[in-house]
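Q: The file below is input-v9.tsv, TSV, C-alpha atoms:
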```tsv
chain	number	residue	atom	x	y	z
A	11	MET	CA	0.00	0.00	0.00
A	12	GLN	CA	1.37	3.40	-0.99
A	13	LEU	CA	1.09	6.11	1.65
A	14	PRO	CA	-0.25	9.51	0.63
A	15	LYS	CA	2.37	12.20	0.03
A	16	ARG	CA	2.55	14.84	2.72
A	17	LYS	CA	1.88	18.35	1.43
A	18	SER	CA	4.84	20.67	1.95
A	19	THR	CA	4.19	23.60	4.24
A	20	ARG	CA	7.09	25.59	2.79
A	21	LEU	CA	6.56	28.24	0.12
A	22	LYS	CA	7.60	26.74	-3.22
A	23	ASP	CA	10.91	28.05	-4.61
A	24	TYR	CA	11.49	30.40	-1.65
A	25	ASP	CA	14.99	30.54	-0.15
A	26	TYR	CA	14.44	30.20	3.62
A	27	SER	CA	17.98	31.38	4.32
A	28	THR	CA	17.01	34.83	2.97
A	29	PRO	CA	17.52	37.56	5.60
A	30	GLY	CA	14.21	38.54	7.13
A	31	ALA	CA	11.76	37.73	9.90
A	32	TYR	CA	9.75	34.53	10.13
A	33	PHE	CA	6.87	33.55	12.42
A	34	VAL	CA	7.16	29.90	13.44
A	35	THR	CA	4.83	27.58	15.36
A	36	ILE	CA	5.99	24.17	16.57
A	37	CYS	CA	3.54	21.71	18.17
A	38	THR	CA	4.32	18.95	20.63
A	39	GLN	CA	3.81	15.32	19.60
A	40	ASN	CA	0.07	14.57	19.68
A	41	ARG	CA	-0.37	18.09	21.09
A	42	LYS	CA	0.36	16.85	24.59
A	43	CYS	CA	0.54	19.60	27.20
A	44	ILE	CA	4.11	19.13	28.41
A	45	LEU	CA	5.64	22.60	28.13
A	46	SER	CA	3.66	24.85	30.48
A	47	ASP	CA	0.53	25.25	32.54
A	48	ILE	CA	-1.60	28.35	32.19
A	49	VAL	CA	-3.33	29.12	35.45
A	50	GLY	CA	-5.28	32.05	36.86
A	51	GLU	CA	-6.85	32.60	40.23
A	52	GLY	CA	-9.97	34.57	40.97
A	53	LEU	CA	-12.28	36.39	38.61
A	54	CYS	CA	-9.93	39.21	37.64
A	55	ALA	CA	-6.54	37.51	37.79
A	56	LEU	CA	-4.50	37.46	34.60
A	57	PRO	CA	-3.49	33.95	33.56
A	58	GLN	CA	0.05	32.99	34.46
A	59	ASN	CA	2.12	30.82	32.13
A	60	ASN	CA	4.14	28.48	34.36
A	61	LEU	CA	6.79	26.51	32.49
A	62	THR	CA	7.23	22.83	33.27
A	63	PRO	CA	10.78	21.42	33.59
A	64	THR	CA	10.52	20.49	29.88
A	65	GLY	CA	9.38	24.03	29.03
A	66	LYS	CA	12.31	25.48	31.00
A	67	GLU	CA	14.74	23.36	28.97
A	68	ILE	CA	13.10	24.52	25.73
A	69	GLU	CA	13.56	28.11	26.90
A	70	LYS	CA	17.24	27.43	27.64
A	71	SER	CA	17.63	26.03	24.12
A	72	ILE	CA	16.06	29.15	22.63
A	73	GLN	CA	18.40	31.33	24.68
A	74	TYR	CA	21.36	29.22	23.54
A	75	ILE	CA	20.49	29.92	19.91
A	76	ASN	CA	20.28	33.64	20.67
A	77	ASP	CA	23.61	33.65	22.50
A	78	ASN	CA	25.64	31.44	20.15
A	79	ASP	CA	24.37	31.55	16.58
A	80	SER	CA	25.48	34.68	14.75
A	81	GLY	CA	23.04	35.78	12.12
A	82	ILE	CA	20.07	34.23	13.98
A	83	VAL	CA	17.94	36.05	16.55
A	84	ILE	CA	14.83	34.68	18.18
A	85	ASP	CA	13.34	38.10	18.72
A	86	LYS	CA	10.14	37.05	20.49
A	87	TYR	CA	8.71	33.74	21.67
A	88	VAL	CA	6.11	32.18	23.91
A	89	ILE	CA	6.08	28.65	25.25
A	90	MET	CA	2.50	27.46	25.48
A	91	PRO	CA	1.32	24.14	27.02
A	92	ASN	CA	1.50	22.20	23.73
A	93	HIS	CA	3.23	24.50	21.24
A	94	ILE	CA	5.69	27.34	20.90
A	95	HIS	CA	5.57	30.48	18.79
A	96	LEU	CA	8.76	32.21	17.68
A	97	ILE	CA	9.79	35.22	15.65
A	98	VAL	CA	13.07	34.15	14.06
A	99	VAL	CA	15.13	36.88	12.42
A	100	LEU	CA	17.84	35.87	9.95
A	101	ASP	CA	20.51	38.29	8.85
A	102	ASP	CA	23.83	37.94	7.12
A	103	SER	CA	25.88	39.77	9.75
A	104	GLY	CA	27.97	36.64	10.33
A	105	GLY	CA	29.39	37.01	6.81
A	106	ARG	CA	28.51	33.42	5.86
A	107	GLY	CA	24.77	33.94	5.49
A	108	SER	CA	22.23	32.22	7.67
A	109	PRO	CA	21.34	28.56	7.65
A	110	PRO	CA	17.88	27.86	6.24
A	111	LEU	CA	15.01	28.27	8.68
A	112	GLN	CA	14.17	24.56	8.51
A	113	ASN	CA	17.71	23.70	9.67
A	114	ILE	CA	17.43	26.03	12.67
A	115	ILE	CA	14.07	24.59	13.73
A	116	GLY	CA	15.30	21.06	13.02
A	117	GLN	CA	18.31	21.58	15.27
A	118	LEU	CA	16.14	22.97	18.08
A	119	LYS	CA	13.74	20.02	17.82
A	120	SER	CA	16.54	17.46	17.49
A	121	TYR	CA	18.52	18.78	20.47
A	122	THR	CA	15.54	18.88	22.81
A	123	THR	CA	14.31	15.46	21.69
A	124	ARG	CA	17.76	13.94	22.38
A	125	LYS	CA	17.93	15.70	25.74
A	126	PHE	CA	14.70	14.09	26.92
A	127	GLY	CA	15.16	10.78	25.12
A	128	GLN	CA	11.68	10.82	23.65
A	129	ILE	CA	9.86	12.38	20.74
A	130	LEU	CA	8.66	15.81	21.88
A	131	TRP	CA	7.55	17.39	18.61
A	132	GLN	CA	5.18	16.79	15.75
A	133	ARG	CA	6.75	16.45	12.34
A	134	SER	CA	7.36	19.73	10.50
A	135	PHE	CA	6.29	23.19	11.68
A	136	TYR	CA	4.21	26.14	10.53
A	137	ASP	CA	5.97	29.21	9.19
A	138	HIS	CA	4.92	32.61	7.90
A	139	ILE	CA	7.28	35.03	6.18
A	140	ILE	CA	6.76	38.34	7.97
A	141	ARG	CA	6.03	41.02	5.40
A	142	GLY	CA	6.69	44.45	6.82
A	143	GLU	CA	6.46	46.30	10.11
A	144	LYS	CA	2.65	46.11	10.43
A	145	ASP	CA	2.70	42.31	10.02
A	146	TYR	CA	5.61	42.09	12.49
A	147	GLN	CA	3.75	44.15	15.12
A	148	LYS	CA	0.56	42.09	14.70
A	149	ILE	CA	2.50	38.84	15.25
A	150	TRP	CA	4.42	40.33	18.21
A	151	GLU	CA	1.10	41.24	19.85
A	152	TYR	CA	-0.33	37.79	19.10
A	153	ILE	CA	2.65	36.17	20.85
A	154	ASP	CA	2.30	38.55	23.82
A	155	THR	CA	-1.41	37.86	24.29
A	156	ASN	CA	-1.45	34.14	23.45
A	157	PRO	CA	-1.38	32.96	27.11
A	158	LEU	CA	-4.26	35.33	27.93
A	159	GLN	CA	-6.37	33.69	25.23
A	160	TRP	CA	-5.34	30.08	25.80
A	161	GLU	CA	-8.89	28.73	26.08
A	162	LEU	CA	-9.72	30.31	22.70
A	163	ASP	CA	-6.54	29.02	21.01
A	164	CYS	CA	-6.94	26.53	18.14
A	165	PHE	CA	-4.38	24.31	19.96
A	166	TYR	CA	-6.28	24.48	23.27
A	167	ASN	CA	-6.36	21.27	25.25
A	168	ASN	CA	-7.55	21.28	28.86
A	169	GLU	CA	-5.29	18.42	29.96
A	170	THR	CA	-2.93	19.02	32.84
A	171	PRO	CA	0.78	19.21	31.92
A	172	MET	CA	2.76	16.06	32.45
```
Please go through the file and, once you have read it, give me the structure as structure tokens.

A:
Amino acid sequence: MQLPKRKSTRLKDYDYSTPGAYFVTICTQNRKCILSDIVGEGLCALPQNNLTPTGKEIEKSIQYINDNDSGIVIDKYVIMPNHIHLIVVLDDSGGRGSPPLQNIIGQLKSYTTRKFGQILWQRSFYDHIIRGEKDYQKIWEYIDTNPLQWELDCFYNNETPM
């Protein structure tokens, strides 16, 4: 039996090592809530996004990329219970050009999967090429407010983090 071909989520013929800003979403395997717990107390309390030990390690990995990979900046991110959102900015300040976006995300996923000795992530990821300042600001705001709107999120799952 021949399996169906998976549709590529990448823009055809686009060079993903091109300097620019990219909005990326990565989901956990089976959308399990293993990265954080969003809790709020009382009627008026703002939800708090509490990272699990796994989420804290993901955050360390993101910081490592920012501190050690010239030409790559993760300008904004949020770690949600079962996914992460990132704004990844590629530039050519390192002189060699940037690695393609898929390599950066692949390395992040591979490193964290090896660290925990289990599959953490779904295959592939969602990306959006950020087109201008207005688009950038809209995505920045979305990332900022995502924990506040967790129960309305398309990835919402009311399971308790593992």

Q: Point out the residue among A:Glu67, A:Glu161, A:Asp154, A:Asp145 with the least atom-to-atom distance to Val88 of chain A, counting all atoms listed in the file.

A: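 Of the candidates, the smallest distance to Val88 of chain A is held by A:Asp154.
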
Q: Dump as a count of residues only all residues having an atom at most 10 Å from (9.5, 30.2, 26.0), computed in the file's coordinates with only C-alpha atoms.

A: 22

Q: Excluding Asp47 of chain A and any residue of its chain fewer than 3 positions from it, enumerate the residues within 9 Å of it, using all atoms listed in the file, and give them as number ranges by chain.

A: A: 43-44, 58-62, 90-91, 170-171

Q: Nearest to Asn92 of chain A: which of A:Gln117, A:Gln39, A:Ser80, A:Thr123 is it, counting all atoms listed in the file?

A: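 Between A:Gln117, A:Gln39, A:Ser80, A:Thr123, the residue approaching Asn92 of chain A most closely is A:Gln39.
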
Q: Have a look at atom CA of Ile114 of chain A and atom CA of Asp79 of chain A and let me know their distance in Å, one decimal.

A: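 Spanning atom CA of Ile114 of chain A to atom CA of Asp79 of chain A is a straight-line distance of 9.7 Å.
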
Q: Using atom CA of Asp25 of chain A and atom CA of Arg124 of chain A as the two end points, give the distance in Å to one decimal.

A: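 A separation of 28.1 Å between them.
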
Q: Atom CA of Ile75 of chain A to atom CA of Lys42 of chain A: how many Å, to one decimal?

A: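 Separation of atom CA of Ile75 of chain A and atom CA of Lys42 of chain A: 24.5 Å.
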
Q: Within 12 Å of Val83 of chain A, counting only C-alpha atoms, which residues qualify if same-chain residues fewer than 4 places away don't, as a short mmCIF file (atom, residue, chain, number, x, y, z; two decimals) with C-alpha atoms, in the coordinates of the input?

A:
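As written to disk, part_14.cif reads:
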```cif
data_model
loop_
_atom_site.label_atom_id
_atom_site.label_comp_id
_atom_site.auth_asym_id
_atom_site.auth_seq_id
_atom_site.Cartn_x
_atom_site.Cartn_y
_atom_site.Cartn_z
CA PRO A 29 17.52 37.56 5.60
CA GLY A 30 14.21 38.54 7.13
CA ALA A 31 11.76 37.73 9.90
CA TYR A 32 9.75 34.53 10.13
CA ILE A 72 16.06 29.15 22.63
CA GLN A 73 18.40 31.33 24.68
CA TYR A 74 21.36 29.22 23.54
CA ILE A 75 20.49 29.92 19.91
CA ASN A 76 20.28 33.64 20.67
CA ASP A 77 23.61 33.65 22.50
CA ASN A 78 25.64 31.44 20.15
CA ASP A 79 24.37 31.55 16.58
CA TYR A 87 8.71 33.74 21.67
CA LEU A 96 8.76 32.21 17.68
CA ILE A 97 9.79 35.22 15.65
CA VAL A 98 13.07 34.15 14.06
CA VAL A 99 15.13 36.88 12.42
CA LEU A 100 17.84 35.87 9.95
CA ASP A 101 20.51 38.29 8.85
CA ASP A 102 23.83 37.94 7.12
CA SER A 103 25.88 39.77 9.75
CA GLY A 104 27.97 36.64 10.33
CA SER A 108 22.23 32.22 7.67
CA LEU A 111 15.01 28.27 8.68
CA ILE A 114 17.43 26.03 12.67
#
```

Q: Find the axis-aligned box for segment 143-148 of chain A, covering all its listed atoms and adding 5 Å on each side, and write its centre and edge lengths in Å to one decimal as JSON.

A:
```
{"center_x": 3.5, "center_y": 44.2, "center_z": 12.6, "size_x": 15.9, "size_y": 14.2, "size_z": 15.1}
```

Q: Using all atoms listed in the file, which residue out of A:Gly116, A:Pro109, A:Glu143, A:Gly81 lies closest to Trp131 of chain A?

A: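 Ranking A:Gly116, A:Pro109, A:Glu143, A:Gly81 by distance to Trp131 of chain A, first place goes to A:Gly116.
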